[in-house]
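Structure record follows, encoded as structure tokens.
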Amino acid sequence: MTGLYTSGSWKWTALVLIVTTSAVTAQVDGGWSDWGAWTDCSATCGVGLRTRDRTCTNPAPANGGANCLGVFHFWRECSTGVSCPVDGGWSDWATWSGCSVTCGVGTETRDRTCTNPAPANGGANCVGETQETRQCDTGVSCPGNT
């Protein structure tokens, strides 16, 4: 406050100073960082994937600036150069053979193989039997068996 003397008396008045500042902030559009290093191949045998990334931090968008446009994640196939083990699998059963006898009761068989797929590169063999046997009855009585 300041004092002001007029006509033999003091009159007090308020002096107000208002200062405004406005900071000007510029928009900053985002920019891509350099691509990161490729990751190791995701597979230990056969074919896998390698990836690399980049970020929108060079610079990061600020004050309403635009985000980066484009791809931030990239991948490609990689080959390990090592064949993967292949476990064996059974083929379908073959048809039953004919009965082992022409009269009375005999046997018939059917087979399968471990070839669907065949074991490879240290893969496991098939588990189970390669042949089944069952009884068969020809329905014909043998001579001398009455």
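Ordering of the structure tokens sets the chain letters (A, B, ...); residue numbers start at 1 within each chain; ligands are numbered from 1 in the order shown.
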
Region 33-47 of chain A: which residues within 10 Å, counting only C-alpha atoms, same-chain residues fewer than 4 positions away excluded, as an mmCIF file with C-alpha atoms, in the first residue's frame?
data_model
loop_
_atom_site.group_PDB
_atom_site.id
_atom_site.type_symbol
_atom_site.label_atom_id
_atom_site.label_comp_id
_atom_site.auth_asym_id
_atom_site.auth_seq_id
_atom_site.Cartn_x
_atom_site.Cartn_y
_atom_site.Cartn_z
ATOM 1 C CA THR A 51 13.065 -60.856 -32.314
ATOM 2 C CA ARG A 52 14.194 -57.290 -31.789
ATOM 3 C CA ASP A 53 12.416 -54.142 -30.608
ATOM 4 C CA ARG A 54 12.669 -50.388 -30.682
ATOM 5 C CA THR A 55 10.941 -47.741 -28.581
ATOM 6 C CA CYS A 56 9.384 -44.347 -29.222
ATOM 7 C CA THR A 57 11.825 -42.539 -26.947
ATOM 8 C CA ASN A 58 14.186 -40.637 -29.231
ATOM 9 C CA PRO A 59 12.606 -38.327 -28.212
ATOM 10 C CA ALA A 60 9.462 -39.459 -26.406
ATOM 11 C CA PHE A 72 8.185 -51.493 -32.936
ATOM 12 C CA HIS A 73 8.599 -55.301 -32.868
ATOM 13 C CA PHE A 74 10.257 -57.333 -35.608
ATOM 14 C CA TRP A 75 10.793 -61.096 -35.906
ATOM 15 C CA ARG A 76 12.399 -63.523 -38.295
ATOM 16 C CA GLU A 77 12.900 -67.258 -38.493
ATOM 17 C CA CYS A 78 16.180 -68.789 -37.421
ATOM 18 C CA SER A 79 17.597 -72.226 -38.040
ATOM 19 C CA THR A 80 19.668 -73.890 -35.358
ATOM 20 C CA GLY A 81 21.321 -76.263 -37.814
ATOM 21 C CA VAL A 82 20.464 -79.127 -35.442
ATOM 22 C CA SER A 83 17.834 -81.721 -36.348
ATOM 23 C CA CYS A 84 15.223 -82.281 -33.656
ATOM 24 C CA PRO A 85 14.653 -85.790 -32.276
#

Exercise. What's the 8 Å shell around region 103-113 of chain A, counting only C-alpha atoms, without same-chain residues fewer than 2 positions away, as number ranges by chain?
Worked result: A: 90-101, 115-116, 130-142

Problem set entry | One-decimal distance in Å that lies between CA of Asp87 (chain A) and CA of Pro117 (chain A) | 7.4 Å

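The environment of Ala62 (chain A) within 6 Å, counting only C-alpha atoms and disregarding residues fewer than 3 places along the same chain, consists of Gln27, Val28 and Gly65 of chain A.
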
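Between CA of Gly88 (chain A) and CA of Leu49 (chain A) the interatomic distance comes to 26.2 Å.
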
Problem set entry | Members of region 2-139 of chain A assigned strand (DSSP E) by DSSP, as a PyMOL selection string | chain A and resi 2-6+9-13+47-53+73-79+105-111+131-137

For this session: Tell me, in Å to one decimal, how far CA of Ala118 (chain A) is from CA of Gly48 (chain A).
Result: 23.2 Å
